[in-house]
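K.L.:
Below: one structure in structure tokens.
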Amino acid sequence: MAIWVDLEQRRITGGIRDLAVSLEEGPRGVSLLGRVRAELGTRIHQEYRQEKSSEDAFTAERSLALRLELDGFSVEIKGRADGWFEQVDGICIEEVKSVLSGGGELSKARAEFFPEFCLQLRLYGLAARQELPQATLKGKLLLVSILDGAQRSLDVPLETEATRILLERLLRKQITQAEEAAKQANKLAAVAGKLRMPYAEARPHQNDLQALMEQGLAQDRPVLAMAPTGIGKTVSALLAGLGHSLANEAILMFLTAKTTQQDLVVQTFADICQAAELAPGEIQALTLRAKERMCPPGHLLCHPHLCPLLADFDARLQSSKIKERILGKDHVIDPDQVFAMGDHFSLCPFSLQLALLPHVQLVVGDYNYVYDPGIALMGLFGQEAHGQVVVVVDEAHNLFDRAREMYSPCIERSELRLLGASLARGDFLAETDRTDQLALDLDRAVDGPALFDGLHRLLGDLDSTLDSALLRSEDVVSPVPDQSQRPVDPEAARWQDLADRAAELIVAYVLYNRLHRIVHRRDPMLDLLARLGLLRDLILSNEKEFVHWVRGPKAEGGAAIGVACLNPAKRLAQRHAQVEGTVAMSATLTPLTYYSDVLGLSGLEPILSSLPSPFPTENLCVRILPSLSTTYREREQHKQAVARAIEDLVTARPGNHVAFFPSFRYLSMVQPLIKLPMDSKQLIQLPGMPQAARERMLDTLRAGDGKTRLLLAVMGGAFAEGVDLPGTQLIGAVVVGPGLPQISFERSLMQGYFQEEYEQGFAYAMLYPGMQRVIQAAGRVIRTPDDEGVIVLLGRRFAEEEMGQCLPEHWYRHRPTELITGDLTASLTEFWDGR
């Protein structure tokens, strides 16, 4: 537990370990090595308890508490000593710590090398002295290497008076920090009262949206809001989120699916600060950049004893005065500025970001900083994130698929073979030896030959595990006809062993790389070892949301084994429950109940709301043309009709138009058949098109030269979301078919799962995701109140009732059937006449 100082009640509570850690404050970053260390440390403690349990004098996890009065505060700090031995000559308190040192280094270790460990043990001794004032006490620090299992026991004098003095100094430091935090909280609460709409007037329904968000945050209920384009979701969420977070000593985290959306958030924040007439730096925003983009070349091992950029980080951070140079200066802290400062002072730029986090009021970043199990940035805000973080999820319709990907790891045989070949060639071996003292110390700890032998054997055992799964799945009926991918019962014990070995190899591997200055920006070996831990956790969870599967060698991508996440709702709900408040918003969340279910909100008493469009309904014409079919079986038969409908749209009004297809294959089938006027031009999205090429296409559409252009693109692609083409930059869109996901192994499993759980298998797995892509793509047409445009939905399936119910209500007056037309040319002519 963390240290809590209640200034009103004059009480201090918390954990002895946390108080000891405060002796040397530094960056507590999140890294793969740190997570694996924690896992191995837990295992070492379990083995210690098991080994000692047979001793009569031994008590594991002995509860102890320090109670005292200090400067008018009532103090109670608790902890559990790893070992408590009631011996003839007194009581021995033993603390077990796992360390990144081999037996050679441990043999030279002294207690003063580990001040935090020793202080924790001394505090246990002080607590024991309060409980047993007459007892003879002694302390031992047991260091255990996570590399080779070597142990060293060190005597730690339990100096009562010196420990008491240090304890009081640390507690007074906590009190001072709490008082400073209270003053800052009062200032921020006053700032919250100054915040207001930064623009001349609120847009239609914008005040309603902001009030809805404020209500949910005040009531500790998540908000799921569907707000059409133009309402002003970003500014509403910032005003509501900042108002709540500033008044409640929390940080607002504004999460986006794409980095391109973050610029708007930061600019809107700056506008809010200016409108409130806040002094520069009175409140600040920080955009989080990924570690790979913030790490200078050659420094990828995130541990203060191993990376020179992290060595003595806290002391050097203080002496450099970087915080003073950045904090309180501007409203927006630019990541380039942070990188430049870190590089100049030889400090880790990524850790510098993390050091700044507790001091800013708005953090802008990707979904993964809150929801990815491999990142878990929430831990940076303390033992409990509740009461410290408010989360806004922008474009929340993306979170379901992103979260499914986070919890769907797999291992392909091809990567095992490639890694095996790389090991055989010696690709991971160091080319030269180092002779500096760090290298000599590490070389004694890392047995290179044993490391690479362990990696080789692990790859072989993974290959055998895949063979075993293929053999056991031969009689399993696949949910898809080709039988290439099938569910299989997991061998839990086998996966536990593989993951345990991988955790040990991770530590040795990263130390070896650091020793020989080997840098892999995207290390395939490290990625595989990390994935094994997640696979193990999901397989052993025994939850029906996670299906263990195997894929045969003849399938696309070759033989593979993994876990398919059918629904991440439970894992997302755990995150929602950890924070002070959650606001999820998008223009495409139809139906709200579906997104509430799959985003993990339904069990948290969410506030669901769908707001009307702020734009004049007469400026948009939506038509459904049901006279043709876009189903896979009938595409060839109706491709000419699709081409003619696209031509009708383009010729009805000169200007820029777009046709969205469900796949590149369908697009290429229809594209040659489209005949446009001589002065018109086709722009075609290609698979894997570079960003620069996409930007050139958008620049062409934005040229404003009055020419007619037709962009052919795919639903769910780069042109279908996050693209603004206001005014005459885009006046018409055709959506070819409902864009249902392709029938696949995972989709078939999802359909069965959602049918069992919600009795809506087809709707949850196919219909709603497909229609979301349709509405998102069509939403490119109307972006401002003055825009005029046409949306044409091609295919008879759009005329079906279940699909009509998924269409936005502002597209029609009374019912979706109003949109059906038998004469597209006449409908378009009627709309455009007089405009």
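Following the order of the structure tokens, first chain is A, next is B, and so on, with residues numbered from 1 inside each chain and ligands from 1 in the order they appear.
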Can you pull out the residues contacting stretch 747-753 of chain A? Cut-off 8 Å, using only C-alpha atoms, and skip same-chain residues under 3 positions away; I want them as a PDB file with C-alpha atoms, in the first residue's frame.

P.N.:
ATOM      1  CA  PRO A 479     -15.962 -23.542 -37.168  1.00  0.00           C
ATOM      2  CA  VAL A 480     -14.885 -22.643 -40.737  1.00  0.00           C
ATOM      3  CA  GLU A 545     -13.538 -15.320 -23.730  1.00  0.00           C
ATOM      4  CA  LEU A 566     -13.455 -13.179 -28.428  1.00  0.00           C
ATOM      5  CA  ASN A 567     -14.479 -10.368 -26.105  1.00  0.00           C
ATOM      6  CA  PRO A 741     -16.376  -8.771 -41.588  1.00  0.00           C
ATOM      7  CA  GLN A 742     -15.251 -11.770 -43.578  1.00  0.00           C
ATOM      8  CA  ILE A 743     -16.284 -15.127 -42.177  1.00  0.00           C
ATOM      9  CA  SER A 744     -13.204 -16.419 -40.414  1.00  0.00           C
ATOM     10  CA  GLU A 756     -24.542 -17.849 -25.975  1.00  0.00           C
ATOM     11  CA  GLU A 757     -23.887 -14.738 -23.880  1.00  0.00           C
ATOM     12  CA  GLN A 760     -27.214 -11.841 -30.591  1.00  0.00           C
ATOM     13  CA  GLY A 761     -24.443 -13.788 -32.274  1.00  0.00           C
ATOM     14  CA  PHE A 762     -24.763 -12.434 -35.819  1.00  0.00           C
ATOM     15  CA  TYR A 764     -22.545  -8.597 -32.274  1.00  0.00           C
ATOM     16  CA  ALA A 765     -19.964 -10.452 -34.383  1.00  0.00           C
ATOM     17  CA  MET A 766     -20.940  -9.320 -37.880  1.00  0.00           C
TER      18      MET A 766
END

K.L.:
Within stretch 485-729 of chain A, find each residue whose DSSP state, derived from the backbone, is strand (DSSP E or B), and express the selection as number ranges by chain.

P.N.:
A: 485-487, 546-551, 560-565, 581-586, 607-610, 620-625, 656-661, 681-684, 709-714

K.L.:
Within 9 Å of A:Gly243, counting only C-alpha atoms, which residues show up once you throw out same-chain ones fewer than 4 positions away? Write them as a VMD selection string, please.

P.N.:
chain A and resid 189 191 to 193 195 214 238 to 239 247 to 248

K.L.:
Identify, on the basis of only C-alpha atoms, every residue whose closest approach to stretch 394-402 of chain A does not exceed 7 Å; exclude the query and any residue fewer than 2 positions from it along the same chain; express the result as a list of chain:residue names.

P.N.:
A:Leu255, A:Thr256, A:Ala257, A:Val392, A:Arg404, A:Glu405, A:Met406, A:Ala584, A:Met585, A:Ser586, A:Thr588, A:Leu589, A:Val598, A:Leu599

K.L.:
Print the selection's residues with all heavy atoms to a file, as a CSV table (one decimal), in the first residue's frame.

P.N.:
chain,number,residue,atom,x,y,z
A,255,LEU,N,-7.1,9.6,-24.5
A,255,LEU,CA,-6.6,8.5,-25.3
A,255,LEU,C,-7.2,8.6,-26.7
A,255,LEU,O,-8.4,8.7,-26.9
A,255,LEU,CB,-6.9,7.2,-24.6
A,255,LEU,CG,-6.5,7.0,-23.2
A,255,LEU,CD1,-6.9,5.7,-22.7
A,255,LEU,CD2,-5.0,7.3,-23.0
A,256,THR,N,-6.3,8.4,-27.7
A,256,THR,CA,-6.7,8.3,-29.1
A,256,THR,C,-6.2,7.1,-29.7
A,256,THR,O,-5.2,6.5,-29.3
A,256,THR,CB,-6.2,9.6,-29.8
A,256,THR,OG1,-4.7,9.4,-30.0
A,256,THR,CG2,-6.5,10.9,-29.1
A,257,ALA,N,-6.9,6.7,-30.8
A,257,ALA,CA,-6.5,5.5,-31.6
A,257,ALA,C,-5.3,5.8,-32.5
A,257,ALA,O,-4.6,4.9,-32.9
A,257,ALA,CB,-7.7,4.9,-32.3
A,392,VAL,N,-10.5,9.7,-20.8
A,392,VAL,CA,-11.3,10.0,-22.0
A,392,VAL,C,-10.9,9.1,-23.1
A,392,VAL,O,-9.7,9.1,-23.5
A,392,VAL,CB,-11.3,11.5,-22.4
A,392,VAL,CG1,-12.1,11.7,-23.7
A,392,VAL,CG2,-11.9,12.4,-21.3
A,404,ARG,N,-9.0,-6.5,-28.4
A,404,ARG,CA,-8.9,-7.9,-28.8
A,404,ARG,C,-7.5,-8.3,-29.3
A,404,ARG,O,-7.0,-9.4,-29.0
A,404,ARG,CB,-10.0,-8.2,-29.9
A,404,ARG,CG,-11.4,-8.4,-29.4
A,404,ARG,CD,-12.2,-9.2,-30.3
A,404,ARG,NE,-12.0,-9.0,-31.7
A,404,ARG,CZ,-11.4,-9.8,-32.6
A,404,ARG,NH1,-10.9,-11.0,-32.1
A,404,ARG,NH2,-11.2,-9.5,-33.8
A,405,GLU,N,-6.9,-7.4,-30.1
A,405,GLU,CA,-5.6,-7.6,-30.5
A,405,GLU,C,-4.6,-7.7,-29.4
A,405,GLU,O,-3.7,-8.6,-29.4
A,405,GLU,CB,-5.2,-6.5,-31.5
A,405,GLU,CG,-5.9,-6.5,-32.8
A,405,GLU,CD,-5.6,-5.3,-33.6
A,405,GLU,OE1,-4.7,-4.5,-33.2
A,405,GLU,OE2,-6.2,-5.1,-34.7
A,406,MET,N,-4.8,-6.9,-28.4
A,406,MET,CA,-3.8,-6.9,-27.2
A,406,MET,C,-3.9,-8.2,-26.5
A,406,MET,O,-2.9,-8.7,-26.0
A,406,MET,CB,-4.2,-5.8,-26.2
A,406,MET,CG,-4.1,-4.4,-26.8
A,406,MET,SD,-4.8,-3.2,-25.6
A,406,MET,CE,-4.7,-1.6,-26.6
A,584,ALA,N,-16.2,7.6,-22.7
A,584,ALA,CA,-15.9,7.0,-24.0
A,584,ALA,C,-16.9,7.7,-25.0
A,584,ALA,O,-18.1,7.7,-24.8
A,584,ALA,CB,-16.1,5.5,-24.0
A,585,MET,N,-16.3,8.1,-26.2
A,585,MET,CA,-17.2,8.9,-27.1
A,585,MET,C,-16.8,8.6,-28.6
A,585,MET,O,-15.6,8.2,-28.8
A,585,MET,CB,-17.1,10.4,-26.8
A,585,MET,CG,-15.6,10.9,-27.0
A,585,MET,SD,-15.5,12.6,-26.5
A,585,MET,CE,-13.9,13.0,-27.0
A,586,SER,N,-17.7,8.7,-29.5
A,586,SER,CA,-17.5,8.5,-30.9
A,586,SER,C,-18.7,9.0,-31.6
A,586,SER,O,-19.8,9.1,-31.0
A,586,SER,CB,-17.2,7.1,-31.2
A,586,SER,OG,-17.1,6.9,-32.6
A,588,THR,N,-19.8,7.1,-34.1
A,588,THR,CA,-20.4,5.9,-34.6
A,588,THR,C,-20.4,4.8,-33.5
A,588,THR,O,-19.5,4.1,-33.3
A,588,THR,CB,-19.6,5.4,-35.8
A,588,THR,OG1,-18.2,5.3,-35.4
A,588,THR,CG2,-19.8,6.3,-37.0
A,589,LEU,N,-21.5,4.8,-32.7
A,589,LEU,CA,-21.6,3.8,-31.6
A,589,LEU,C,-23.0,3.2,-31.6
A,589,LEU,O,-23.7,3.2,-30.6
A,589,LEU,CB,-21.4,4.5,-30.2
A,589,LEU,CG,-19.9,5.0,-29.9
A,589,LEU,CD1,-19.9,5.8,-28.6
A,589,LEU,CD2,-19.0,3.8,-29.9
A,598,VAL,N,-19.5,-4.7,-25.1
A,598,VAL,CA,-18.2,-5.2,-25.5
A,598,VAL,C,-17.0,-4.3,-25.0
A,598,VAL,O,-15.9,-4.7,-25.0
A,598,VAL,CB,-18.1,-5.3,-27.1
A,598,VAL,CG1,-19.1,-6.3,-27.6
A,598,VAL,CG2,-18.2,-3.9,-27.8
A,599,LEU,N,-17.3,-3.1,-24.6
A,599,LEU,CA,-16.3,-2.2,-24.0
A,599,LEU,C,-16.2,-2.3,-22.5
A,599,LEU,O,-15.5,-1.6,-21.8
A,599,LEU,CB,-16.5,-0.7,-24.4
A,599,LEU,CG,-16.4,-0.4,-25.9
A,599,LEU,CD1,-16.6,1.0,-26.2
A,599,LEU,CD2,-15.1,-0.9,-26.5

K.L.:
List as a JSON list (two decimals) with C-alpha atoms, in the first residue's frame the protein and nucleic acid residues near stretch 794-796 of chain A, meaning an atom at most 7 Å away when only C-alpha atoms are counted, but skip any in the same chain fewer than 3 places from it.

P.N.:
[["chain", "number", "residue", "atom", "x", "y", "z"],
["A", 624, "ILE", "CA", -30.42, 3.34, -50.47],
["A", 625, "LEU", "CA", -30.36, 1.63, -53.87],
["A", 626, "PRO", "CA", -31.64, -1.94, -53.33],
["A", 627, "SER", "CA", -31.88, -2.95, -56.99],
["A", 628, "LEU", "CA", -28.45, -4.58, -57.00],
["A", 629, "SER", "CA", -26.60, -7.07, -54.81],
["A", 630, "THR", "CA", -23.15, -6.79, -53.27],
["A", 735, "VAL", "CA", -20.73, 2.84, -49.84],
["A", 736, "VAL", "CA", -20.72, -0.50, -51.67],
["A", 737, "GLY", "CA", -22.32, -3.08, -49.40],
["A", 799, "ALA", "CA", -33.01, -2.11, -47.17]]

K.L.:
Which residue, A:Gly15, A:Pro726, A:Gly448, A:Gly834, has the smallest gap to A:Asp786 when you use only C-alpha atoms?

P.N.:
A:Pro726

K.L.:
If we count only C-alpha atoms and set the cut-off at 7 Å, which residues sit around A:Arg80, ignoring sequence neighbours fewer than 6 positions away in its own chain? Please answer as a list in words.

P.N.:
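These residues fall inside the cut-off: Glu61, Arg62, Ser63 and Leu64 of chain A.
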
K.L.:
Could you take the residues named above and write them with C-alpha atoms, as a CSV table (one decimal), in the first residue's frame?

P.N.:
chain,number,residue,atom,x,y,z
A,61,GLU,CA,4.8,-13.2,6.3
A,62,ARG,CA,4.8,-12.0,9.9
A,63,SER,CA,2.6,-9.0,10.3
A,64,LEU,CA,4.2,-5.9,12.0

K.L.:
Between A:Asp56, A:Gly14, A:Arg129, A:Pro591, which residue has the minimum interatomic distance to A:Glu161, considering only C-alpha atoms?

P.N.:
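Looking only at the distances to A:Glu161, the closest residue turns out to be A:Arg129.
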
K.L.:
Check the DSSP output for the backbone and give back, as a PyMOL selection string, the residues of stretch 630-790 of chain A in helix (DSSP H, G or I).

P.N.:
chain A and resi 632-652+664-673+691-701+727-729+745-758+761-778
